[in-house]
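**Student:** Dropping the structure in here first, questions after.
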Amino acid sequence: MSFGEPEGYDEDARPHPLGRRGRSQAVAAAVCLVLGAGLIGGAVTGSWLAGDPGGSGARSGFAAAGDLWRNVPVDQLFPPTVRGGGAGPGGADRTWTRVAVAPDSGCEEAFDPLLRTVLDPVGCARLLRATYTDATRSHVTTVGLLFTKADAAGMASLARRFETERLDRRTDLMPLPYAAKDTAAAGFGARQRASWTISVLTDAPVVVYAVSGWADGRTVADPQPAGEAMESGTTTAPAQAGLGHEARGLADRVERGVRGHAGTATERPS
């Protein structure tokens, strides 16, 4: 025994099998399928263009940050004047004035040998440096941006090493200052380093650092990392002078600028 197909009725009340479609129905179904696929494809494409954090947008943002040294004017990476609201000891405001900008360069002579060895795994694409003085012209601080050749995994690996081995607190891994003739930083050499900070970014191929000292050229026997010099109750000379705050405050604001420019670079209209 077999069953016939169930019947329905068209607009003229004529019977027809329910399992079959007329030509117009088939065309309409095909059009809906095409439109649906188009909407889905458009949504996916839109997420790519918007920079989906889990997709290619994050990767392109990392790459764009690596090109900031050539795409962003030096006055934006190292502004002539940097204001640090609450950046000083006790939450005091700070203002730093740029006194010198080093020519962009490689890293051959820019770091002590041991620090250069630690940074070697991420490579050196470009190094930018500038030196600032505080409002009283009694302190000087060099801030640097090392643009590396590493990918995100390489930067994450270096950041983990700095954290687990506390490399940013070792006095034999202090960055070198940049001194310039006929400025407040003319006598700012390796023996004048008093406090410093190093930050390895993981969302950009950049290492940000700063090193501070006195503008009068005095030598420092016991330099202190900024994190320690900023601790309450610390009585060392760098801490009492607020040189930890100078290094950390200026480095933090330059780092914020890098992150801001990197975000702008990845949000251009498609």
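Ordering of the structure tokens sets the chain letters (A, B, ...); residue numbers start at 1 within each chain; ligands are numbered from 1 in the order shown.
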Would you please extract all helix (DSSP H, G or I) residues from segment 36-171 of chain A, as assigned by DSSP on the backbone, and give them as number ranges by chain?
**Tutor:** A: 36-49, 56-66, 68-71, 74-77, 89-91, 113-122, 152-165, 167-169, 171
**Student:** With DSSP run on the backbone, what are the strand (DSSP E) residues within segment 29-261 of chain A? I'd like them as JSON, numbers by chain.
**Tutor:** {"A": [81, 82, 83, 84, 94, 95, 96, 97, 98, 99, 100, 101, 126, 127, 128, 129, 130, 131, 132, 133, 134, 139, 140, 141, 142, 143, 144, 145, 146, 147, 195, 196, 197, 198, 199, 200, 206, 207, 208, 209, 210, 211, 212, 213, 214, 224, 225]}
**Student:** Give me the residues near segment 136-145 of chain A as a CSV table (one decimal) with N, CA and C atoms, in the first residue's frame, where near means some atom within 6 Å (using only C-alpha atoms) and where sequence neighbours in that chain fewer than 5 positions away do not count.
**Tutor:**
chain,number,residue,atom,x,y,z
A,127,LEU,N,65.3,53.5,17.8
A,127,LEU,CA,65.3,54.0,19.2
A,127,LEU,C,65.1,55.5,19.1
A,128,LEU,N,64.1,56.0,19.9
A,128,LEU,CA,63.9,57.4,20.0
A,128,LEU,C,64.1,57.9,21.5
A,129,ARG,N,64.7,59.0,21.7
A,129,ARG,CA,65.0,59.5,23.1
A,129,ARG,C,64.9,61.0,23.1
A,130,ALA,N,64.5,61.4,24.3
A,130,ALA,CA,64.4,62.9,24.6
A,130,ALA,C,64.7,63.1,26.1
A,131,THR,N,65.3,64.2,26.4
A,131,THR,CA,65.6,64.6,27.8
A,131,THR,C,64.8,65.8,28.2
A,177,PRO,N,71.3,57.6,30.1
A,177,PRO,CA,70.7,58.9,29.8
A,177,PRO,C,71.2,59.5,28.4
A,178,TYR,N,70.5,60.5,28.0
A,178,TYR,CA,70.9,61.2,26.8
A,178,TYR,C,71.3,62.7,27.2
A,207,VAL,N,59.4,49.2,24.0
A,207,VAL,CA,59.8,49.2,25.4
A,207,VAL,C,60.0,50.7,25.8
A,208,VAL,N,59.3,51.1,26.8
A,208,VAL,CA,59.4,52.5,27.3
A,208,VAL,C,60.2,52.5,28.6
A,209,TYR,N,61.2,53.5,28.6
A,209,TYR,CA,62.0,53.6,29.8
A,209,TYR,C,62.3,55.1,30.1
A,210,ALA,N,62.7,55.3,31.3
A,210,ALA,CA,63.1,56.7,31.7
A,210,ALA,C,64.2,56.5,32.8
A,211,VAL,N,65.1,57.5,32.8
A,211,VAL,CA,66.1,57.5,33.8
A,211,VAL,C,66.3,58.9,34.2
A,212,SER,N,66.4,59.2,35.6
A,212,SER,CA,66.5,60.6,36.1
A,212,SER,C,67.7,60.8,36.9
A,213,GLY,N,68.1,62.1,37.1
A,213,GLY,CA,69.2,62.4,37.9
A,213,GLY,C,69.2,63.9,38.2
A,214,TRP,N,70.2,64.4,38.9
A,214,TRP,CA,70.3,65.9,39.2
A,214,TRP,C,70.9,66.6,38.0
A,215,ALA,N,70.4,67.8,37.8
A,215,ALA,CA,70.9,68.6,36.7
A,215,ALA,C,72.3,69.2,37.0
**Student:** Might you pull out every residue within 10 Å of segment 102-116 of chain A, with only C-alpha atoms counted and same-chain residues fewer than 5 positions away left off, and present them as a PDB file with C-alpha atoms, in the first residue's frame?
**Tutor:**
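So the final result, stored in around_31.pdb, reads:
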ATOM      1  CA  TRP A  69      58.257  56.124  15.029  1.00  0.00           C
ATOM      2  CA  ARG A  70      57.995  56.935  11.328  1.00  0.00           C
ATOM      3  CA  VAL A  74      58.417  63.714  17.309  1.00  0.00           C
ATOM      4  CA  PRO A 121      65.693  38.728  21.819  1.00  0.00           C
ATOM      5  CA  GLY A 123      65.563  43.198  18.393  1.00  0.00           C
ATOM      6  CA  CYS A 124      65.921  46.908  17.734  1.00  0.00           C
ATOM      7  CA  ALA A 125      64.024  48.506  14.862  1.00  0.00           C
ATOM      8  CA  ARG A 126      64.449  52.101  16.052  1.00  0.00           C
ATOM      9  CA  LEU A 127      65.287  54.011  19.200  1.00  0.00           C
ATOM     10  CA  LEU A 128      63.870  57.442  20.026  1.00  0.00           C
ATOM     11  CA  ARG A 129      65.019  59.469  23.052  1.00  0.00           C
ATOM     12  CA  ALA A 130      64.395  62.873  24.579  1.00  0.00           C
ATOM     13  CA  THR A 131      65.586  64.564  27.755  1.00  0.00           C
ATOM     14  CA  GLY A 144      63.205  56.464  25.565  1.00  0.00           C
ATOM     15  CA  LEU A 146      62.641  51.306  21.856  1.00  0.00           C
ATOM     16  CA  PHE A 147      60.662  50.038  18.865  1.00  0.00           C
ATOM     17  CA  LEU A 167      64.930  42.893  35.908  1.00  0.00           C
ATOM     18  CA  ARG A 170      68.573  45.656  38.919  1.00  0.00           C
ATOM     19  CA  ASP A 172      73.242  46.730  36.407  1.00  0.00           C
ATOM     20  CA  LEU A 173      70.313  47.037  33.944  1.00  0.00           C
ATOM     21  CA  MET A 174      69.743  50.790  34.137  1.00  0.00           C
ATOM     22  CA  PRO A 175      69.160  52.593  30.824  1.00  0.00           C
ATOM     23  CA  LEU A 176      71.681  55.234  29.755  1.00  0.00           C
ATOM     24  CA  PRO A 177      70.695  58.929  29.769  1.00  0.00           C
ATOM     25  CA  TYR A 178      70.927  61.248  26.781  1.00  0.00           C
ATOM     26  CA  ALA A 179      72.994  64.355  27.479  1.00  0.00           C
ATOM     27  CA  ALA A 180      73.094  67.390  25.172  1.00  0.00           C
ATOM     28  CA  ALA A 190      76.095  57.215  33.324  1.00  0.00           C
TER      29      ALA A 190
END
**Student:** Neighbouring residues of Asp134 of chain A were defined as those with any atom within 7 Å, considering only C-alpha atoms; residues of the same chain fewer than 6 positions away were excluded. Please report them as a list in words.
**Tutor:** Thr95, Trp96, Thr97 and Val140 of chain A
**Student:** Let's have the selection written as a CSV table (one decimal), in the first residue's frame, with all heavy atoms.
**Tutor:**
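Output below, filename selection_30.csv:
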chain,number,residue,atom,x,y,z
A,95,THR,N,55.5,69.5,35.9
A,95,THR,CA,55.6,69.9,34.6
A,95,THR,C,57.0,69.7,34.1
A,95,THR,O,58.0,70.1,34.8
A,95,THR,CB,55.2,71.4,34.4
A,95,THR,OG1,53.9,71.6,34.9
A,95,THR,CG2,55.3,71.9,33.0
A,96,TRP,N,57.2,69.0,32.9
A,96,TRP,CA,58.5,68.8,32.4
A,96,TRP,C,58.6,69.5,31.0
A,96,TRP,O,57.7,69.5,30.2
A,96,TRP,CB,58.7,67.3,32.2
A,96,TRP,CG,58.7,66.5,33.4
A,96,TRP,CD1,59.6,66.4,34.4
A,96,TRP,CD2,57.5,65.7,33.9
A,96,TRP,NE1,59.2,65.5,35.4
A,96,TRP,CE2,57.9,65.1,35.1
A,96,TRP,CE3,56.3,65.4,33.4
A,96,TRP,CZ2,57.1,64.3,35.9
A,96,TRP,CZ3,55.4,64.6,34.1
A,96,TRP,CH2,55.8,64.0,35.4
A,97,THR,N,59.8,70.1,30.8
A,97,THR,CA,60.1,70.8,29.6
A,97,THR,C,61.2,70.1,28.8
A,97,THR,O,62.3,69.8,29.4
A,97,THR,CB,60.5,72.3,29.9
A,97,THR,OG1,59.5,72.9,30.6
A,97,THR,CG2,60.8,73.0,28.6
A,140,VAL,N,66.8,66.2,35.8
A,140,VAL,CA,66.8,65.9,34.4
A,140,VAL,C,66.4,64.5,34.2
A,140,VAL,O,66.7,63.6,35.1
A,140,VAL,CB,68.1,66.2,33.7
A,140,VAL,CG1,68.4,67.7,33.5
A,140,VAL,CG2,69.3,65.6,34.5
**Student:** Name all residues at most 6 Å from segment 237-252 of chain A (count only C-alpha atoms; drop same-chain ones fewer than 3 positions away) and give them as a list in words.
**Tutor:**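 My reading of the contact set: Ala87, Gly88, Ala194, Ser195, Trp196, Ala210, Val211, Ser212, Ala226, Ala229, Met230 and Glu255 of chain A.
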**Student:** One decimal, in Å: what's the spacing between atom CA of Thr183 of chain A and atom CA of Arg169 of chain A?
**Tutor:**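 For atom CA of Thr183 of chain A relative to atom CA of Arg169 of chain A, the distance reads 28.8 Å.
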**Student:** Find the residues around Asp203 of chain A up to 10 Å (only C-alpha atoms counted), leave out those fewer than 2 positions away in its own chain, and share them as a list in words.
**Tutor:**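 Within the cut-off, the hits are Ala58, Arg59, Gly61, Phe62, Ala63, Ala65, Asp151, Ala152, Ala153, Met155, Ala156, Val200, Leu201, Pro205, Val206, Arg259 and Ala262 of chain A.
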**Student:** Using only N, CA and C atoms, please write the residues we just selected to a file, as a compact mmCIF listing (two decimals), in the first residue's frame.
**Tutor:**
# COMPACT_ATOMS: atom_id res chain seq x y z
N ALA A 58 43.24 43.11 16.02
CA ALA A 58 44.24 43.17 17.07
C ALA A 58 45.63 43.04 16.50
N ARG A 59 45.80 42.13 15.51
CA ARG A 59 47.11 41.94 14.91
C ARG A 59 47.55 43.18 14.15
N GLY A 61 46.61 46.22 14.71
CA GLY A 61 46.90 47.27 15.68
C GLY A 61 48.31 47.14 16.23
N PHE A 62 48.75 45.94 16.52
CA PHE A 62 50.10 45.71 17.02
C PHE A 62 51.12 46.15 15.97
N ALA A 63 50.87 45.78 14.71
CA ALA A 63 51.80 46.15 13.63
C ALA A 63 51.82 47.66 13.43
N ALA A 65 51.32 49.97 15.61
CA ALA A 65 52.07 50.60 16.70
C ALA A 65 53.56 50.57 16.43
N ASP A 151 57.27 40.04 17.60
CA ASP A 151 55.82 39.90 17.50
C ASP A 151 55.23 39.93 18.90
N ALA A 152 53.91 39.76 18.99
CA ALA A 152 53.25 39.84 20.28
C ALA A 152 53.76 38.78 21.25
N ALA A 153 54.03 37.59 20.75
CA ALA A 153 54.52 36.52 21.62
C ALA A 153 55.91 36.87 22.17
N MET A 155 57.13 39.90 22.68
CA MET A 155 57.00 40.95 23.69
C MET A 155 56.45 40.39 24.99
N ALA A 156 55.49 39.49 24.89
CA ALA A 156 54.92 38.88 26.10
C ALA A 156 55.98 38.08 26.86
N VAL A 200 57.89 47.04 29.54
CA VAL A 200 57.80 46.26 28.31
C VAL A 200 56.33 46.12 27.94
N LEU A 201 55.91 46.75 26.86
CA LEU A 201 54.52 46.69 26.45
C LEU A 201 54.23 45.34 25.78
N PRO A 205 54.91 46.68 19.99
CA PRO A 205 56.32 46.27 20.01
C PRO A 205 57.22 47.41 20.50
N VAL A 206 57.02 47.83 21.74
CA VAL A 206 57.71 49.00 22.27
C VAL A 206 58.14 48.74 23.71
N ARG A 259 50.21 54.66 23.37
CA ARG A 259 48.98 53.87 23.29
C ARG A 259 47.87 54.64 22.57
N ALA A 262 48.64 54.67 18.86
CA ALA A 262 48.44 53.33 18.31
C ALA A 262 46.96 53.06 18.09
**Student:** So how many Å separate atom CA of Phe188 of chain A and atom CA of Gly217 of chain A, to one decimal?
**Tutor:** 6.0 Å
**Student:** When you draw a straight line from atom CA of Val122 of chain A to atom CA of Ala159 of chain A, how long is it in Å?
**Tutor:**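 Rounded to one decimal, the two atoms are 10.6 Å apart.
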